Structure formats: structure tokens, C-alpha cells
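Asker: Here you go, final_36.cif (mmCIF, C-alpha atoms and all ligand atoms):
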data_upload
loop_
_atom_site.label_atom_id
_atom_site.label_comp_id
_atom_site.auth_asym_id
_atom_site.auth_seq_id
_atom_site.Cartn_x
_atom_site.Cartn_y
_atom_site.Cartn_z
CA MET I 1 22.12 -1.59 10.39
CA THR I 2 20.68 -1.74 13.95
CA PHE I 3 20.25 -5.12 15.64
CA VAL I 4 16.57 -5.93 16.24
CA ASN I 5 15.41 -9.06 18.04
CA ILE I 6 12.39 -10.25 16.03
CA GLN I 7 10.31 -13.03 17.57
CA GLU I 8 8.07 -15.13 15.35
CA ASN I 9 4.54 -16.37 16.12
CA TYR I 10 4.52 -14.51 19.40
CA SER I 11 1.44 -14.77 21.65
CA LEU I 12 0.18 -11.31 22.61
CA ARG I 13 -2.27 -12.46 25.28
CA HIS I 14 -0.18 -11.31 28.22
CA LEU I 15 0.15 -7.83 26.66
CA ILE I 16 -3.59 -7.40 26.06
CA SER I 17 -5.87 -6.36 28.94
CA PHE I 18 -8.65 -8.68 27.67
CA LYS I 19 -6.19 -11.60 28.18
CA THR I 20 -7.23 -13.36 24.99
CA GLY I 21 -6.56 -13.39 21.24
CA GLY I 22 -3.91 -14.71 18.89
CA GLU I 23 -0.28 -14.32 17.92
CA ALA I 24 1.68 -11.72 16.05
CA ARG I 25 3.54 -13.21 13.09
CA PHE I 26 6.46 -10.98 14.09
CA PHE I 27 6.95 -9.26 17.44
CA VAL I 28 9.61 -6.76 18.46
CA GLU I 29 10.39 -5.05 21.76
CA ILE I 30 11.60 -1.62 20.60
CA GLU I 31 14.56 -0.15 22.53
CA SER I 32 15.40 2.88 20.35
CA LEU I 33 14.10 5.11 17.56
CA GLU I 34 16.65 3.52 15.21
CA GLN I 35 15.08 0.12 15.86
CA LEU I 36 11.61 1.54 15.26
CA ILE I 37 12.73 2.96 11.89
CA GLU I 38 14.39 -0.36 11.01
CA ILE I 39 11.35 -2.46 11.79
CA LYS I 40 8.93 -0.16 9.96
CA LYS I 41 11.23 -0.42 6.91
CA LYS I 42 11.17 -4.23 7.14
CA ALA I 43 7.38 -4.25 7.24
CA VAL I 44 7.20 -2.05 4.11
CA GLN I 45 9.79 -4.20 2.28
CA GLN I 46 7.84 -7.38 3.08
CA GLU I 47 4.50 -5.65 2.34
CA LEU I 48 3.23 -6.58 5.80
CA PRO I 49 1.13 -4.35 8.08
CA PHE I 50 2.75 -2.73 11.13
CA PHE I 51 1.04 -2.15 14.49
CA LEU I 52 2.43 -0.27 17.49
CA LEU I 53 1.07 -1.72 20.72
CA GLY I 54 0.91 0.32 23.92
CA ARG I 55 -0.39 -1.43 27.04
CA GLY I 56 -3.04 -3.22 24.98
CA THR I 57 -5.91 -1.77 27.04
CA ASN I 58 -7.98 -0.79 24.02
CA VAL I 59 -7.17 -3.60 21.60
CA VAL I 60 -8.46 -7.09 20.80
CA VAL I 61 -6.27 -9.28 18.56
CA SER I 62 -7.99 -11.86 16.36
CA ASP I 63 -7.77 -15.52 17.47
CA LYS I 64 -6.31 -16.15 13.98
CA GLY I 65 -3.49 -13.78 14.86
CA PHE I 66 -2.08 -10.73 13.10
CA ASN I 67 -0.15 -11.37 9.91
CA GLY I 68 2.31 -8.53 10.29
CA TYR I 69 4.74 -6.78 12.65
CA VAL I 70 3.69 -5.81 16.17
CA ALA I 71 6.09 -3.48 17.96
CA HIS I 72 6.00 -2.73 21.65
CA LEU I 73 7.87 0.17 23.28
CA ALA I 74 10.37 -1.16 25.83
CA ARG I 75 11.28 0.39 29.21
CA SER I 76 13.66 2.83 27.51
CA PHE I 77 10.49 4.59 26.26
CA SER I 78 9.17 5.10 29.80
CA ASP I 79 10.38 8.24 31.54
CA LEU I 80 9.16 11.67 32.54
CA SER I 81 10.41 15.04 33.76
CA ILE I 82 8.80 18.22 35.03
CA GLU I 83 10.06 21.79 34.72
CA GLU I 84 7.76 24.29 36.47
CA THR I 85 4.35 23.50 34.90
CA ILE I 86 5.66 21.70 31.81
CA LEU I 87 5.64 17.89 31.90
CA LYS I 88 7.59 15.97 29.27
CA ALA I 89 7.27 12.18 29.00
CA LYS I 90 8.16 9.34 26.70
CA ALA I 91 5.27 7.64 24.94
CA GLY I 92 5.59 4.28 26.72
CA THR I 93 5.15 5.81 30.18
CA PRO I 94 1.97 4.60 31.91
CA LEU I 95 -0.58 7.41 32.02
CA SER I 96 -1.49 6.62 35.63
CA ARG I 97 2.17 7.06 36.65
CA ILE I 98 2.25 10.47 34.95
CA ALA I 99 -1.05 11.52 36.53
CA ARG I 100 0.09 10.49 40.03
CA TYR I 101 3.40 12.26 39.58
CA SER I 102 1.64 15.44 38.47
CA VAL I 103 -0.35 15.41 41.73
CA GLN I 104 2.85 14.93 43.78
CA GLU I 105 4.18 18.04 42.04
CA SER I 106 0.91 19.96 42.76
CA LEU I 107 0.03 20.19 39.08
CA LYS I 108 -3.49 20.16 37.73
CA GLY I 109 -4.85 18.98 34.35
CA ILE I 110 -4.59 15.19 34.16
CA HIS I 111 -5.13 14.02 37.75
CA LEU I 112 -8.59 12.58 36.96
CA LEU I 113 -7.04 10.32 34.29
CA THR I 114 -5.20 8.26 36.93
CA GLY I 115 -7.42 5.21 36.38
CA VAL I 116 -6.94 5.08 32.59
CA PRO I 117 -4.68 2.03 32.35
CA GLY I 118 -2.76 2.67 29.10
CA THR I 119 0.43 4.42 28.03
CA LEU I 120 0.77 8.11 27.24
CA GLY I 121 1.22 7.27 23.53
CA GLY I 122 -2.01 5.25 23.52
CA ALA I 123 -3.79 8.06 25.38
CA VAL I 124 -2.74 10.65 22.78
CA TYR I 125 -3.68 8.32 19.90
CA MET I 126 -7.14 7.72 21.44
CA ASN I 127 -7.47 11.18 23.01
CA ALA I 128 -8.29 9.37 26.24
CA GLY I 129 -10.54 11.13 28.71
CA ALA I 130 -12.44 10.70 31.96
CA TYR I 131 -14.49 12.79 34.39
CA GLY I 132 -14.24 15.95 32.25
CA GLN I 133 -10.51 15.76 31.51
CA GLU I 134 -9.08 14.81 28.11
CA ILE I 135 -5.37 14.41 27.42
CA SER I 136 -5.75 16.81 24.43
CA GLN I 137 -6.59 19.73 26.78
CA THR I 138 -3.01 19.75 28.06
CA ILE I 139 -0.95 18.98 24.93
CA VAL I 140 1.79 21.41 23.91
CA GLU I 141 3.72 19.19 21.51
CA VAL I 142 3.71 15.60 20.25
CA LYS I 143 6.81 14.10 18.64
CA SER I 144 6.30 11.17 16.28
CA LEU I 145 8.00 9.17 13.60
CA ASN I 146 6.31 9.14 10.20
CA GLU I 147 6.19 6.42 7.54
CA GLU I 148 9.40 7.77 5.96
CA GLY I 149 11.30 7.59 9.26
CA GLN I 150 11.27 11.38 9.75
CA ILE I 151 10.65 13.02 13.12
CA ILE I 152 7.51 15.20 13.16
CA CYS I 153 6.67 17.75 15.91
CA ARG I 154 3.02 18.69 16.15
CA THR I 155 1.22 21.32 18.19
CA ALA I 156 -2.11 20.37 19.78
CA ALA I 157 -4.00 22.02 16.88
CA GLU I 158 -1.97 19.96 14.41
CA CYS I 159 -2.99 16.75 16.25
CA GLU I 160 -6.63 17.43 15.17
CA PHE I 161 -8.08 16.16 18.44
CA SER I 162 -11.78 15.53 18.90
CA TYR I 163 -13.75 13.08 21.07
CA ARG I 164 -11.64 9.84 21.20
CA HIS I 165 -9.89 10.93 17.99
CA SER I 166 -6.50 12.25 16.92
CA ILE I 167 -4.75 12.61 13.57
CA PHE I 168 -2.56 9.61 14.53
CA GLN I 169 -5.52 7.32 13.80
CA GLU I 170 -5.17 8.33 10.13
CA ASN I 171 -1.46 8.98 9.57
CA LYS I 172 0.08 5.84 11.15
CA GLU I 173 2.83 7.86 12.86
CA CYS I 174 4.47 6.42 15.99
CA ILE I 175 4.34 8.83 18.93
CA PHE I 176 7.52 8.73 21.02
CA GLU I 177 7.47 11.88 23.18
CA VAL I 178 4.77 14.21 24.50
CA THR I 179 4.90 17.60 26.22
CA LEU I 180 2.01 18.70 28.43
CA GLN I 181 1.20 22.10 29.87
CA LEU I 182 -0.28 21.74 33.36
CA GLU I 183 -1.48 24.37 35.85
CA GLU I 184 -0.44 25.01 39.40
CA GLY I 185 -2.87 23.47 41.86
CA GLU I 186 -3.27 22.62 45.52
CA GLN I 187 -1.85 19.18 46.21
CA GLU I 188 -4.39 18.29 48.89
CA VAL I 189 -7.33 19.17 46.66
CA LEU I 190 -5.87 17.34 43.66
CA GLU I 191 -5.17 14.27 45.75
CA LYS I 192 -8.73 14.25 47.05
CA GLU I 193 -10.22 14.63 43.56
CA MET I 194 -7.91 11.93 42.18
CA LYS I 195 -8.91 9.47 44.92
CA ALA I 196 -12.62 10.26 44.37
CA ALA I 197 -12.23 9.53 40.63
CA ILE I 198 -10.54 6.19 41.39
CA GLN I 199 -13.27 5.32 43.91
CA LYS I 200 -15.95 6.13 41.31
CA ARG I 201 -14.28 3.68 38.92
CA ILE I 202 -14.14 0.95 41.54
CA GLU I 203 -17.84 1.42 42.29
CA SER I 204 -19.08 1.65 38.68
CA GLN I 205 -16.71 -0.55 36.63
CA PRO I 206 -16.25 -4.35 36.57
CA LEU I 207 -12.53 -4.14 37.36
CA ASN I 208 -12.41 -7.73 38.64
CA TYR I 209 -12.72 -9.08 35.07
CA PRO I 210 -10.42 -8.55 32.06
CA SER I 211 -11.81 -5.93 29.67
CA ALA I 212 -10.78 -2.98 27.50
CA GLY I 213 -12.91 -0.37 29.25
CA SER I 214 -15.85 1.16 27.36
CA VAL I 215 -16.55 -0.77 24.18
CA PHE I 216 -18.57 1.96 22.44
CA LYS I 217 -18.09 5.70 21.98
CA LYS I 218 -20.63 8.04 23.51
CA PRO I 219 -23.25 8.70 20.80
CA ALA I 220 -24.77 12.18 20.24
CA GLU I 221 -28.13 10.77 21.41
CA GLY I 222 -27.04 10.02 25.00
CA SER I 223 -24.82 7.52 26.73
CA ALA I 224 -23.94 4.12 25.29
CA TRP I 225 -24.41 2.34 28.63
CA ALA I 226 -28.00 3.65 29.01
CA LEU I 227 -28.95 2.57 25.47
CA ILE I 228 -27.44 -0.90 26.05
CA GLU I 229 -29.22 -1.20 29.38
CA GLU I 230 -32.56 -0.09 27.86
CA ALA I 231 -32.12 -2.73 25.15
CA GLY I 232 -32.07 -5.34 27.93
CA LEU I 233 -28.53 -6.49 27.12
CA LYS I 234 -26.94 -6.43 30.58
CA GLY I 235 -25.57 -9.91 31.33
CA THR I 236 -25.99 -11.14 27.72
CA SER I 237 -23.21 -13.56 26.79
CA ILE I 238 -21.62 -15.13 23.75
CA GLY I 239 -19.16 -17.88 24.66
CA GLY I 240 -17.08 -16.56 27.55
CA ALA I 241 -17.75 -12.87 26.83
CA SER I 242 -20.51 -11.01 28.66
CA VAL I 243 -22.04 -7.55 28.70
CA SER I 244 -21.17 -6.51 32.24
CA SER I 245 -24.07 -6.44 34.67
CA LYS I 246 -22.22 -3.66 36.57
CA HIS I 247 -21.53 -1.31 33.63
CA ALA I 248 -23.40 -2.02 30.39
CA ASN I 249 -20.78 -0.36 28.16
CA PHE I 250 -18.17 -2.91 29.28
CA ILE I 251 -17.78 -6.34 27.73
CA VAL I 252 -15.88 -8.57 30.12
CA ASN I 253 -13.91 -11.77 29.65
CA LYS I 254 -15.85 -13.78 32.18
CA ASN I 255 -14.92 -17.31 31.22
CA ASN I 256 -12.06 -17.85 28.77
CA ALA I 257 -13.66 -15.71 26.07
CA SER I 258 -12.14 -15.84 22.62
CA ALA I 259 -11.47 -12.63 20.71
CA GLN I 260 -14.24 -13.72 18.34
CA ASP I 261 -16.71 -14.02 21.27
CA ILE I 262 -15.95 -10.39 22.15
CA TYR I 263 -16.32 -9.23 18.54
CA ASP I 264 -19.58 -11.18 18.02
CA LEU I 265 -21.03 -9.84 21.26
CA SER I 266 -20.15 -6.27 20.26
CA ASN I 267 -21.96 -6.89 16.94
CA LEU I 268 -25.01 -8.23 18.77
CA VAL I 269 -25.05 -5.10 20.95
CA ILE I 270 -24.82 -2.81 17.89
CA GLU I 271 -27.68 -4.64 16.10
CA THR I 272 -29.96 -4.84 19.16
CA VAL I 273 -29.49 -1.18 20.17
CA LEU I 274 -30.09 -0.09 16.57
CA LYS I 275 -33.37 -2.06 16.48
CA LYS I 276 -34.57 -0.82 19.89
CA SER I 277 -33.55 2.85 19.76
CA GLY I 278 -32.48 3.63 16.20
CA VAL I 279 -28.98 4.62 17.41
CA LYS I 280 -25.96 3.06 15.68
CA LEU I 281 -23.22 2.60 18.28
CA GLU I 282 -19.63 2.98 17.14
CA ARG I 283 -16.85 0.84 18.61
CA GLU I 284 -14.10 2.52 20.61
CA ILE I 285 -12.08 -0.70 20.97
CA ILE I 286 -9.71 -1.57 18.11
CA PHE I 287 -10.12 -5.08 16.65
CA LEU I 288 -6.83 -6.12 15.07
CA GLY I 289 -6.70 -8.81 12.36
CA ASP I 290 -9.54 -10.75 10.73
CA PHE I 291 -12.87 -11.24 12.52
C1 LIG N 301 -10.51 -0.93 32.93
C2 LIG N 301 -10.31 0.07 31.83
C3 LIG N 301 -10.73 1.37 31.99
C4 LIG N 301 -10.55 2.30 30.96
N1 LIG N 301 -10.98 3.59 31.16
C5 LIG N 301 -10.81 4.50 30.17
C6 LIG N 301 -11.24 5.85 30.37
O1 LIG N 301 -11.73 6.25 31.42
N2 LIG N 301 -11.06 6.73 29.35
C7 LIG N 301 -10.49 6.36 28.17
O2 LIG N 301 -10.35 7.21 27.27
N3 LIG N 301 -10.08 5.09 27.96
C8 LIG N 301 -10.22 4.16 28.92
N4 LIG N 301 -9.80 2.87 28.72
C9 LIG N 301 -9.24 2.47 27.41
C10 LIG N 301 -7.71 2.59 27.29
O3 LIG N 301 -7.08 2.46 28.54
C11 LIG N 301 -7.28 3.89 26.62
O4 LIG N 301 -7.80 4.01 25.32
C12 LIG N 301 -5.75 4.02 26.54
O5 LIG N 301 -5.44 5.33 26.19
C13 LIG N 301 -5.10 3.06 25.55
O6 LIG N 301 -3.68 3.09 25.76
P1 LIG N 301 -2.77 1.82 25.47
O7 LIG N 301 -1.36 2.20 25.71
O8 LIG N 301 -3.26 0.64 26.21
O9 LIG N 301 -3.01 1.64 23.92
P2 LIG N 301 -3.28 0.27 23.13
O10 LIG N 301 -4.56 -0.31 23.58
O11 LIG N 301 -2.09 -0.59 23.16
O12 LIG N 301 -3.46 0.84 21.65
C14 LIG N 301 -4.57 1.65 21.31
C15 LIG N 301 -4.27 2.34 19.97
O13 LIG N 301 -3.25 3.31 20.21
C16 LIG N 301 -2.17 3.11 19.30
N5 LIG N 301 -0.93 3.48 19.99
C17 LIG N 301 -0.49 3.05 21.20
N6 LIG N 301 0.68 3.63 21.50
C18 LIG N 301 0.99 4.43 20.44
C19 LIG N 301 2.09 5.29 20.14
N7 LIG N 301 3.11 5.43 20.96
N8 LIG N 301 2.07 5.95 18.94
C20 LIG N 301 1.04 5.80 18.07
N9 LIG N 301 -0.03 5.00 18.31
C21 LIG N 301 -0.03 4.33 19.47
C22 LIG N 301 -2.21 1.62 18.96
O14 LIG N 301 -1.57 1.36 17.72
C23 LIG N 301 -3.71 1.37 18.91
O15 LIG N 301 -4.22 1.71 17.65
C24 LIG N 301 -9.95 1.91 29.74
C25 LIG N 301 -9.50 0.60 29.59
C26 LIG N 301 -9.66 -0.32 30.62
C27 LIG N 301 -9.15 -1.72 30.45
#
Can you turn what I pasted into C-alpha cells?
Answerer:
Amino acid sequence: MTFVNIQENYSLRHLISFKTGGEARFFVEIESLEQLIEIKKKAVQQELPFFLLGRGTNVVVSDKGFNGYVAHLARSFSDLSIEETILKAKAGTPLSRIARYSVQESLKGIHLLTGVPGTLGGAVYMNAGAYGQEISQTIVEVKSLNEEGQIICRTAAECEFSYRHSIFQENKECIFEVTLQLEEGEQEVLEKEMKAAIQKRIESQPLNYPSAGSVFKKPAEGSAWALIEEAGLKGTSIGGASVSSKHANFIVNKNNASAQDIYDLSNLVIETVLKKSGVKLEREIIFLGDF
């Protein structure tokens, strides 16, 4: 049996970009695949839910906590290597680190994703994208661990990617390694485009407040931010959570917001937009636990 250091009633606040929310009943920093298998087994035996946390940049944990196991990939799951145009990285590696490294190596394909603040695993799970690039466009292979503790290798087609969706949202597999196919590019051009994308974020996003990025997915009828703005919701607050006055698709933690404030405000936005424009917005952010 592998030794696993399980911490009880562990506050997740510092691991969540919104900087709020409750505790995990059990929390584990995962150092190896063996530990991951072990902890998933424990959760099944105790009939408790299991949640793999990346950098927590797309998650809100209930103020009442999460009655289950939360696992977090430790530093041993953060590493990358490049051979010609093939980039291989472990799932806990920050996406921005990978994107910057690809530019240093004059490789094109993910350089506009530099400002997405999560891990590679989280990016594959969410099929993260920005400024016309999506992580799915570069995937060659994703290695994951399934519910039975078996290693699965999937091609991009087998990941069933679509807008902010991958098969991992349904199958509960834990991604641990990803291989990307990039293209040769001109370093100077890539660097310039990367910097422009970062600048655009600074100008358009409320990065001075804790948030989880865009709260709602882009609906078929247009952009979420425009619908929220048209519904007059910019600046609307519940408790310490506010619809950003800089970017209407962001909810920000302006003043010690609770997780419930964020959830309730997202509900208010859905209801108001539906009434005003007939469009039902769908949340992109994951709300973990009871709300
Ligand atoms: C300021 C800001 C800007 C943002 N901009 C963008 C943007 O431009 N585009 C965009 O797409 N997103 C954006 N996001 C949202 C977020 O950064 C992405 O969704 C990111 O990919 C989430 O990665 P994470 O590691 O933080 O995942 P988490 O938030 O920790 O988890 C998200 C989901 O992924 C799952 N997950 C995480 N790691 C793994 C793994 N190894 N295996 C299986 N499942 C896993 C979790 O269980 C959870 O269900 C932004 C967020 C912020 C705060």
C-alpha cells in the first residue's frame, strides 16, 4: 500500500482563484500515480465523491464545504519537454508556462493561451480557448487514469472536444500527461502576438479582483457579455460578489464574497437575461458541493 497524507477539513480558499468557499472533508496532495489510484479507491470504498483540483481557476466550492475527497496534483506533476514540434507535458503544469516555453522554442499553436491561468489538465478538461486558439486544436494524445485505475491513451478525436467540452467532463478520468503537436513559427512574431493577447486581457478583464474568468459560455445567439450588459446588470451585486463593470461576463469577489453570493448572483444573471432577451445562459464555472 502507498503512503498518502490525507488532511481532514482542509480549507481550499488559497487554492481557488475566487479566494472564497469552504473546506474539503479530505484533501490530498498527490505525488504519484500510485497515490492517485489509492485515493480514488478510498473514495469508492467510503462511497464519497472524488474531485481532482487543478489551479482552481474555474471552480467555486460551497461555503458548506465538499463532503468528499479533493486531490491536487503536486509539483511532481509539473514538467514539460519538447522534441522538434512535439510538446509533452504533465497535467499539473501551468498552461501559461507551457505557452511561454513554446514561444521560446519558436513553436506556434498555443501562444495566445498564455493568459489562461489554469493547469494543462484543467485546460484539456475544459477545452480552454482564447483569441481563436483552443487547446484541442493541438492535441495528439491525452493519458488519463480511469475509475478502475487503468491508464487510458486517447487521441484528440477520442477526447470528443467541442466548445468548452471534453469527454473528461463525463467519464471522471484523471488526466496526467498530454502531448501537443505544434507548428514551426517565427519567434519574434509569436512573441508580439502573445504580448498583444496579454495586453488585451489587461485592458478588457477585471484582473485586479479575484474571479474565475468568464462565468457563462458563449451562447449561439451572440456573446454572453453583451446580453448581460444589455440586461443592465453591470455592477449588480449580491453580498460581496459583483458583475464586473469592466467585463460583464465576469463576476468578481469585490468584498469578501461568499461562494453562495457568487452562485446567487449567477442565478440572478441567468434569470434576468432570460427575461430580457429570451436567451438561457449556461454556466462555464463549476460549482462544487451544495448551493
Ligand atoms: C482571470 C481568468 C481568466 C480566464 N481566462 C480564460 C480564457 O481565456 N479561456 C478559458 O477557456 N478559460 C479561462 N479561464 C478559466 C480557467 O482558467 C480555465 O478553465 C482553466 O483551463 C481551468 O484550469 P484549472 O487547472 O484551474 O482547473 P480547475 O479550475 O482546478 O478545474 C476545472 C475542472 O477541470 C477538472 N480538472 C482539472 N485538472 C484535471 C485533470 N488533471 N484531469 C481531469 N480533470 C481535471 C476539475 O476536476 C474541474 O472539473 C480564466 C480564469 C480566470 C481566473
Asker: For I:Leu33, which residue out of I:Gly149, I:Gly213, I:Gly54, I:Gly239 is the nearest one, using all atoms listed in the file?
Answerer: I:Gly149
Asker: Please, which residues have at least one atom within 6 Å of an atom of ligand LIG 301 (chain N), using all atoms listed in the file, listed as a PyMOL selection string?
Answerer: chain I and resi 17+51-59+91+116-119+121-123+125-126+128-130+173-176+207+211-213
Asker: For each of I:Lys42, I:Lys108, I:Arg283, I:Lys64, take the minimum atom-to-atom distance to I:Gln187, counting all atoms listed in the file, then give the residue where this is smallest.
Answerer: I:Lys108
Asker: Here is a test: counting all atoms listed in the file, which residue of I:Ile37, I:Ile262, I:Leu145, I:Leu95 is nearest to I:Thr20?
Answerer: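 The shortest atom-to-atom distance to I:Thr20 comes from I:Ile262.
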Asker: What is the distance, in Å and to one decimal place, between atom CA of I:Leu48 and atom CA of I:Leu12?
Answerer: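 One can read the atom CA of I:Leu48 to atom CA of I:Leu12 distance as 17.7 Å.
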Asker: Atom CA of I:Met194 to atom CA of I:Thr114: how many Å, to one decimal?
Answerer: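 Computed distance, atom CA of I:Met194 to atom CA of I:Thr114, equals 7.0 Å.
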